[in-house]
Amino acid sequence: MPHSLLVAAGLLGWCAGAYSAFILTWTLLKKSRPKHAQKWMNWVASWNERRRKMQGWMRANEWPISLIFSVLILSGVVYSARHQYPIVEEHNVAVYQRLSDGDWAMSSDEEGKFAYRPCSDDAINTNTMLKKGIGYIASRASWEERGDCKSIRATGLGFYWRDEHFQYRRIADERASR
């Protein structure tokens, strides 16, 4: 389901909850319901006939509670859903140097030369790890593209410095072999 539909469903849930709270407050303070709410309650009361016919499924006085409970659960799911970012995987990622703006100069098989900007909310200190990796080639690196930065916070993402033979590769060694 697209993100905008989830947000719309969540907002609808919050509106229904706010309206229910308004009606409850009005009823308690004024000792009567607003006219539109009285019409609604009359319509609900007309379901008593249908309730007698249905007899086992759900009573008319139980469905509003079920509706409110469903709306609350739906709004909780919508607002707790995490945005999914696209995951990029690069091979033979060489780390050259840190640039003056805080980015890192790198190159890979797929992208060629590029700038890598780590996100500030990563669980590990990415800058320290990359500083130790200057001059080395990561056999594989994967991260989330978050627009203005790249994050390795999620499980399974990061820089894998050893190759298939469990050896570290330096950039100078790769240039000499070409």
# chains A, B, ... in the order shown; residues from 1 in each chain; ligands from 1
>>> residues_around(residues="region 129-135 of chain A", least_positions_apart="5", cutoff="9 Å", atoms="only C-alpha atoms", output="PyMOL selection string")
chain A and resi 94-98+104+124+159+161+169-172
>>> select_by_dssp(residues="region 74-173 of chain A", states="strand (DSSP E or B)", output="number ranges by chain")
A: 87-98, 104-108, 112-116, 118, 136-145, 150-151, 158-160, 162, 168-170
>>> write_last_selection(atoms="C-alpha atoms", output="PDB file, in the first residue's frame")
ATOM      1  CA  ILE A  87      19.127  -0.604  -0.531  1.00  0.00           C
ATOM      2  CA  VAL A  88      22.195  -0.208  -2.745  1.00  0.00           C
ATOM      3  CA  GLU A  89      24.865  -2.897  -3.032  1.00  0.00           C
ATOM      4  CA  GLU A  90      28.245  -2.085  -4.542  1.00  0.00           C
ATOM      5  CA  HIS A  91      31.230  -4.364  -5.217  1.00  0.00           C
ATOM      6  CA  ASN A  92      34.951  -3.632  -4.924  1.00  0.00           C
ATOM      7  CA  VAL A  93      34.427  -0.340  -3.103  1.00  0.00           C
ATOM      8  CA  ALA A  94      37.714   1.548  -2.749  1.00  0.00           C
ATOM      9  CA  VAL A  95      37.965   4.216  -0.034  1.00  0.00           C
ATOM     10  CA  TYR A  96      40.309   7.031  -1.118  1.00  0.00           C
ATOM     11  CA  GLN A  97      40.036   9.952   1.320  1.00  0.00           C
ATOM     12  CA  ARG A  98      37.755  12.146   3.369  1.00  0.00           C
ATOM     13  CA  TRP A 104      34.182  10.261   1.518  1.00  0.00           C
ATOM     14  CA  ALA A 105      35.708   9.823  -1.953  1.00  0.00           C
ATOM     15  CA  MET A 106      35.117   6.254  -3.143  1.00  0.00           C
ATOM     16  CA  SER A 107      34.812   4.190  -6.283  1.00  0.00           C
ATOM     17  CA  SER A 108      33.077   0.915  -7.098  1.00  0.00           C
ATOM     18  CA  GLY A 112      32.563   4.425 -10.683  1.00  0.00           C
ATOM     19  CA  LYS A 113      33.791   7.353  -8.572  1.00  0.00           C
ATOM     20  CA  PHE A 114      31.270   8.756  -6.110  1.00  0.00           C
ATOM     21  CA  ALA A 115      30.974  10.609  -2.797  1.00  0.00           C
ATOM     22  CA  TYR A 116      29.666   8.772   0.259  1.00  0.00           C
ATOM     23  CA  PRO A 118      27.251   8.734   6.174  1.00  0.00           C
ATOM     24  CA  TYR A 136      41.594  -0.479   1.267  1.00  0.00           C
ATOM     25  CA  ILE A 137      38.983  -2.096  -0.959  1.00  0.00           C
ATOM     26  CA  ALA A 138      35.791  -3.536   0.476  1.00  0.00           C
ATOM     27  CA  SER A 139      34.742  -6.585  -1.508  1.00  0.00           C
ATOM     28  CA  ARG A 140      31.109  -5.668  -0.925  1.00  0.00           C
ATOM     29  CA  ALA A 141      29.286  -2.710   0.614  1.00  0.00           C
ATOM     30  CA  SER A 142      25.561  -2.160   1.039  1.00  0.00           C
ATOM     31  CA  TRP A 143      23.611   0.771   2.464  1.00  0.00           C
ATOM     32  CA  GLU A 144      20.237   2.512   2.460  1.00  0.00           C
ATOM     33  CA  GLU A 145      19.955   5.532   0.167  1.00  0.00           C
ATOM     34  CA  LYS A 150      23.717   6.796   3.173  1.00  0.00           C
ATOM     35  CA  SER A 151      22.975   4.625   6.219  1.00  0.00           C
ATOM     36  CA  GLY A 158      27.803  -2.333   5.941  1.00  0.00           C
ATOM     37  CA  PHE A 159      31.264  -2.635   4.446  1.00  0.00           C
ATOM     38  CA  TYR A 160      32.742  -6.112   4.072  1.00  0.00           C
ATOM     39  CA  ARG A 162      37.682  -9.177   3.403  1.00  0.00           C
ATOM     40  CA  TYR A 168      42.329  -7.559   2.988  1.00  0.00           C
ATOM     41  CA  ARG A 169      43.045  -5.812  -0.314  1.00  0.00           C
ATOM     42  CA  ARG A 170      44.886  -2.498  -0.584  1.00  0.00           C
TER      43      ARG A 170
END
>>> residues_around(residues="Ser80 (chain A)", least_positions_apart="4", cutoff="12 Å", atoms="only C-alpha atoms", output="PyMOL selection string")
chain A and resi 6-7+10+73-76
>>> write_last_selection(atoms="N, CA and C atoms", output="CSV table (one decimal), in the first residue's frame")
chain,number,residue,atom,x,y,z
A,6,LEU,N,-1.6,5.1,3.5
A,6,LEU,CA,-1.4,4.8,4.9
A,6,LEU,C,-1.6,6.0,5.8
A,7,VAL,N,-1.0,7.1,5.3
A,7,VAL,CA,-1.1,8.4,6.1
A,7,VAL,C,-2.6,8.8,6.1
A,10,GLY,N,-4.5,6.7,8.5
A,10,GLY,CA,-4.2,7.1,9.9
A,10,GLY,C,-4.9,8.4,10.3
A,73,ILE,N,-6.3,0.7,16.4
A,73,ILE,CA,-5.2,-0.3,16.0
A,73,ILE,C,-4.7,0.1,14.6
A,74,LEU,N,-5.6,0.5,13.6
A,74,LEU,CA,-5.1,0.9,12.3
A,74,LEU,C,-4.3,2.1,12.4
A,75,SER,N,-4.7,3.1,13.2
A,75,SER,CA,-3.8,4.3,13.3
A,75,SER,C,-2.5,4.0,14.0
A,76,GLY,N,-2.5,3.1,14.9
A,76,GLY,CA,-1.2,2.7,15.5
A,76,GLY,C,-0.3,2.1,14.5
>>> decode(residues="region 12-157 of chain A", atoms="C-alpha atoms", output="PDB file, in the first residue's frame")
ATOM      1  CA  LEU A  12      -9.036   9.255   9.196  1.00  0.00           C
ATOM      2  CA  GLY A  13      -8.559   7.150  12.318  1.00  0.00           C
ATOM      3  CA  TRP A  14      -7.430  10.142  14.346  1.00  0.00           C
ATOM      4  CA  CYS A  15     -10.427  12.171  13.082  1.00  0.00           C
ATOM      5  CA  ALA A  16     -12.856   9.413  14.075  1.00  0.00           C
ATOM      6  CA  GLY A  17     -11.247   9.204  17.503  1.00  0.00           C
ATOM      7  CA  ALA A  18     -11.386  12.991  17.972  1.00  0.00           C
ATOM      8  CA  TYR A  19     -15.049  13.056  16.903  1.00  0.00           C
ATOM      9  CA  SER A  20     -15.886  10.280  19.366  1.00  0.00           C
ATOM     10  CA  ALA A  21     -14.136  12.177  22.147  1.00  0.00           C
ATOM     11  CA  PHE A  22     -16.069  15.336  21.188  1.00  0.00           C
ATOM     12  CA  ILE A  23     -19.414  13.537  21.297  1.00  0.00           C
ATOM     13  CA  LEU A  24     -18.576  11.912  24.630  1.00  0.00           C
ATOM     14  CA  THR A  25     -17.492  15.244  26.150  1.00  0.00           C
ATOM     15  CA  TRP A  26     -20.592  17.036  24.816  1.00  0.00           C
ATOM     16  CA  THR A  27     -22.868  14.318  26.202  1.00  0.00           C
ATOM     17  CA  LEU A  28     -21.261  14.420  29.631  1.00  0.00           C
ATOM     18  CA  LEU A  29     -21.226  18.230  29.920  1.00  0.00           C
ATOM     19  CA  LYS A  30     -24.593  19.109  28.336  1.00  0.00           C
ATOM     20  CA  LYS A  31     -26.444  15.964  29.484  1.00  0.00           C
ATOM     21  CA  SER A  32     -27.738  15.620  25.916  1.00  0.00           C
ATOM     22  CA  ARG A  33     -26.347  14.815  22.496  1.00  0.00           C
ATOM     23  CA  PRO A  34     -26.051  17.226  19.545  1.00  0.00           C
ATOM     24  CA  LYS A  35     -28.877  16.902  16.978  1.00  0.00           C
ATOM     25  CA  HIS A  36     -26.779  15.120  14.372  1.00  0.00           C
ATOM     26  CA  ALA A  37     -25.615  12.674  17.035  1.00  0.00           C
ATOM     27  CA  GLN A  38     -29.216  12.057  18.117  1.00  0.00           C
ATOM     28  CA  LYS A  39     -30.114  11.174  14.516  1.00  0.00           C
ATOM     29  CA  TRP A  40     -27.134   8.867  14.390  1.00  0.00           C
ATOM     30  CA  MET A  41     -28.152   7.187  17.646  1.00  0.00           C
ATOM     31  CA  ASN A  42     -31.717   6.770  16.361  1.00  0.00           C
ATOM     32  CA  TRP A  43     -30.336   5.056  13.279  1.00  0.00           C
ATOM     33  CA  VAL A  44     -28.187   2.840  15.512  1.00  0.00           C
ATOM     34  CA  ALA A  45     -31.232   2.043  17.643  1.00  0.00           C
ATOM     35  CA  SER A  46     -33.088   0.947  14.517  1.00  0.00           C
ATOM     36  CA  TRP A  47     -30.579  -1.833  14.272  1.00  0.00           C
ATOM     37  CA  ASN A  48     -32.124  -3.484  17.334  1.00  0.00           C
ATOM     38  CA  GLU A  49     -34.626  -5.202  15.026  1.00  0.00           C
ATOM     39  CA  ARG A  50     -31.824  -6.474  12.853  1.00  0.00           C
ATOM     40  CA  ARG A  51     -29.903  -7.530  15.944  1.00  0.00           C
ATOM     41  CA  ARG A  52     -32.722  -9.797  17.031  1.00  0.00           C
ATOM     42  CA  LYS A  53     -32.685 -11.383  13.602  1.00  0.00           C
ATOM     43  CA  MET A  54     -28.903 -11.858  13.604  1.00  0.00           C
ATOM     44  CA  GLN A  55     -28.841 -13.198  17.193  1.00  0.00           C
ATOM     45  CA  GLY A  56     -25.320 -14.475  17.339  1.00  0.00           C
ATOM     46  CA  TRP A  57     -23.009 -12.334  15.362  1.00  0.00           C
ATOM     47  CA  MET A  58     -22.603  -8.948  17.041  1.00  0.00           C
ATOM     48  CA  ARG A  59     -25.050  -6.931  19.079  1.00  0.00           C
ATOM     49  CA  ALA A  60     -25.801  -3.339  18.086  1.00  0.00           C
ATOM     50  CA  ASN A  61     -24.265  -2.015  21.282  1.00  0.00           C
ATOM     51  CA  GLU A  62     -20.970  -3.842  20.643  1.00  0.00           C
ATOM     52  CA  TRP A  63     -20.099  -2.726  17.113  1.00  0.00           C
ATOM     53  CA  PRO A  64     -19.250   0.920  17.959  1.00  0.00           C
ATOM     54  CA  ILE A  65     -16.690  -0.324  20.470  1.00  0.00           C
ATOM     55  CA  SER A  66     -15.290  -2.710  17.869  1.00  0.00           C
ATOM     56  CA  LEU A  67     -15.140   0.093  15.307  1.00  0.00           C
ATOM     57  CA  ILE A  68     -13.284   2.434  17.651  1.00  0.00           C
ATOM     58  CA  PHE A  69     -10.887  -0.361  18.633  1.00  0.00           C
ATOM     59  CA  SER A  70     -10.214  -1.141  14.954  1.00  0.00           C
ATOM     60  CA  VAL A  71      -9.588   2.512  14.126  1.00  0.00           C
ATOM     61  CA  LEU A  72      -7.148   2.840  17.022  1.00  0.00           C
ATOM     62  CA  ILE A  73      -5.244  -0.274  15.951  1.00  0.00           C
ATOM     63  CA  LEU A  74      -5.139   0.890  12.319  1.00  0.00           C
ATOM     64  CA  SER A  75      -3.844   4.326  13.282  1.00  0.00           C
ATOM     65  CA  GLY A  76      -1.212   2.723  15.528  1.00  0.00           C
ATOM     66  CA  VAL A  77      -0.019   0.507  12.684  1.00  0.00           C
ATOM     67  CA  VAL A  78       0.102   3.419  10.251  1.00  0.00           C
ATOM     68  CA  TYR A  79       2.098   5.700  12.537  1.00  0.00           C
ATOM     69  CA  SER A  80       4.480   2.995  13.677  1.00  0.00           C
ATOM     70  CA  ALA A  81       5.288   1.838  10.132  1.00  0.00           C
ATOM     71  CA  ARG A  82       8.857   2.653   9.224  1.00  0.00           C
ATOM     72  CA  HIS A  83       9.662   4.160   5.884  1.00  0.00           C
ATOM     73  CA  GLN A  84      11.561   1.722   3.666  1.00  0.00           C
ATOM     74  CA  TYR A  85      14.548   3.131   1.838  1.00  0.00           C
ATOM     75  CA  PRO A  86      16.094   1.558  -1.271  1.00  0.00           C
ATOM     76  CA  ILE A  87      19.127  -0.604  -0.531  1.00  0.00           C
ATOM     77  CA  VAL A  88      22.195  -0.208  -2.745  1.00  0.00           C
ATOM     78  CA  GLU A  89      24.865  -2.897  -3.032  1.00  0.00           C
ATOM     79  CA  GLU A  90      28.245  -2.085  -4.542  1.00  0.00           C
ATOM     80  CA  HIS A  91      31.230  -4.364  -5.217  1.00  0.00           C
ATOM     81  CA  ASN A  92      34.951  -3.632  -4.924  1.00  0.00           C
ATOM     82  CA  VAL A  93      34.427  -0.340  -3.103  1.00  0.00           C
ATOM     83  CA  ALA A  94      37.714   1.548  -2.749  1.00  0.00           C
ATOM     84  CA  VAL A  95      37.965   4.216  -0.034  1.00  0.00           C
ATOM     85  CA  TYR A  96      40.309   7.031  -1.118  1.00  0.00           C
ATOM     86  CA  GLN A  97      40.036   9.952   1.320  1.00  0.00           C
ATOM     87  CA  ARG A  98      37.755  12.146   3.369  1.00  0.00           C
ATOM     88  CA  LEU A  99      36.697  15.295   1.566  1.00  0.00           C
ATOM     89  CA  SER A 100      36.555  18.757   3.122  1.00  0.00           C
ATOM     90  CA  ASP A 101      32.737  18.712   3.418  1.00  0.00           C
ATOM     91  CA  GLY A 102      32.726  15.458   5.433  1.00  0.00           C
ATOM     92  CA  ASP A 103      31.945  13.172   2.501  1.00  0.00           C
ATOM     93  CA  TRP A 104      34.182  10.261   1.518  1.00  0.00           C
ATOM     94  CA  ALA A 105      35.708   9.823  -1.953  1.00  0.00           C
ATOM     95  CA  MET A 106      35.117   6.254  -3.143  1.00  0.00           C
ATOM     96  CA  SER A 107      34.812   4.190  -6.283  1.00  0.00           C
ATOM     97  CA  SER A 108      33.077   0.915  -7.098  1.00  0.00           C
ATOM     98  CA  ASP A 109      32.504  -1.433 -10.029  1.00  0.00           C
ATOM     99  CA  GLU A 110      28.871  -0.359 -10.458  1.00  0.00           C
ATOM    100  CA  GLU A 111      29.007   3.387  -9.871  1.00  0.00           C
ATOM    101  CA  GLY A 112      32.563   4.425 -10.683  1.00  0.00           C
ATOM    102  CA  LYS A 113      33.791   7.353  -8.572  1.00  0.00           C
ATOM    103  CA  PHE A 114      31.270   8.756  -6.110  1.00  0.00           C
ATOM    104  CA  ALA A 115      30.974  10.609  -2.797  1.00  0.00           C
ATOM    105  CA  TYR A 116      29.666   8.772   0.259  1.00  0.00           C
ATOM    106  CA  ARG A 117      28.038  10.812   3.053  1.00  0.00           C
ATOM    107  CA  PRO A 118      27.251   8.734   6.174  1.00  0.00           C
ATOM    108  CA  CYS A 119      24.062   9.462   8.115  1.00  0.00           C
ATOM    109  CA  SER A 120      24.554  10.928  11.572  1.00  0.00           C
ATOM    110  CA  ASP A 121      22.074   8.494  13.200  1.00  0.00           C
ATOM    111  CA  ASP A 122      24.028   5.317  12.361  1.00  0.00           C
ATOM    112  CA  ALA A 123      24.512   3.025  15.349  1.00  0.00           C
ATOM    113  CA  ILE A 124      28.258   2.721  14.731  1.00  0.00           C
ATOM    114  CA  ASN A 125      30.644   5.542  14.026  1.00  0.00           C
ATOM    115  CA  THR A 126      30.904   5.167  10.263  1.00  0.00           C
ATOM    116  CA  ASN A 127      33.499   7.942   9.932  1.00  0.00           C
ATOM    117  CA  THR A 128      35.917   6.133  12.276  1.00  0.00           C
ATOM    118  CA  MET A 129      35.455   2.862  10.397  1.00  0.00           C
ATOM    119  CA  LEU A 130      36.009   4.541   7.014  1.00  0.00           C
ATOM    120  CA  LYS A 131      39.047   6.427   8.330  1.00  0.00           C
ATOM    121  CA  LYS A 132      40.639   3.070   9.146  1.00  0.00           C
ATOM    122  CA  GLY A 133      39.608   1.815   5.696  1.00  0.00           C
ATOM    123  CA  ILE A 134      41.377   4.526   3.685  1.00  0.00           C
ATOM    124  CA  GLY A 135      43.506   2.804   1.065  1.00  0.00           C
ATOM    125  CA  TYR A 136      41.594  -0.479   1.267  1.00  0.00           C
ATOM    126  CA  ILE A 137      38.983  -2.096  -0.959  1.00  0.00           C
ATOM    127  CA  ALA A 138      35.791  -3.536   0.476  1.00  0.00           C
ATOM    128  CA  SER A 139      34.742  -6.585  -1.508  1.00  0.00           C
ATOM    129  CA  ARG A 140      31.109  -5.668  -0.925  1.00  0.00           C
ATOM    130  CA  ALA A 141      29.286  -2.710   0.614  1.00  0.00           C
ATOM    131  CA  SER A 142      25.561  -2.160   1.039  1.00  0.00           C
ATOM    132  CA  TRP A 143      23.611   0.771   2.464  1.00  0.00           C
ATOM    133  CA  GLU A 144      20.237   2.512   2.460  1.00  0.00           C
ATOM    134  CA  GLU A 145      19.955   5.532   0.167  1.00  0.00           C
ATOM    135  CA  ARG A 146      18.229   8.144   2.326  1.00  0.00           C
ATOM    136  CA  GLY A 147      18.453  11.048  -0.079  1.00  0.00           C
ATOM    137  CA  ASP A 148      21.142  13.301   1.389  1.00  0.00           C
ATOM    138  CA  CYS A 149      23.030  10.535   3.228  1.00  0.00           C
ATOM    139  CA  LYS A 150      23.717   6.796   3.173  1.00  0.00           C
ATOM    140  CA  SER A 151      22.975   4.625   6.219  1.00  0.00           C
ATOM    141  CA  ILE A 152      24.389   1.255   7.293  1.00  0.00           C
ATOM    142  CA  ARG A 153      22.235   1.135  10.429  1.00  0.00           C
ATOM    143  CA  ALA A 154      19.890  -1.701   9.390  1.00  0.00           C
ATOM    144  CA  THR A 155      20.827  -5.346   9.878  1.00  0.00           C
ATOM    145  CA  GLY A 156      22.900  -6.829   7.067  1.00  0.00           C
ATOM    146  CA  LEU A 157      24.198  -3.506   5.770  1.00  0.00           C
TER     147      LEU A 157
END
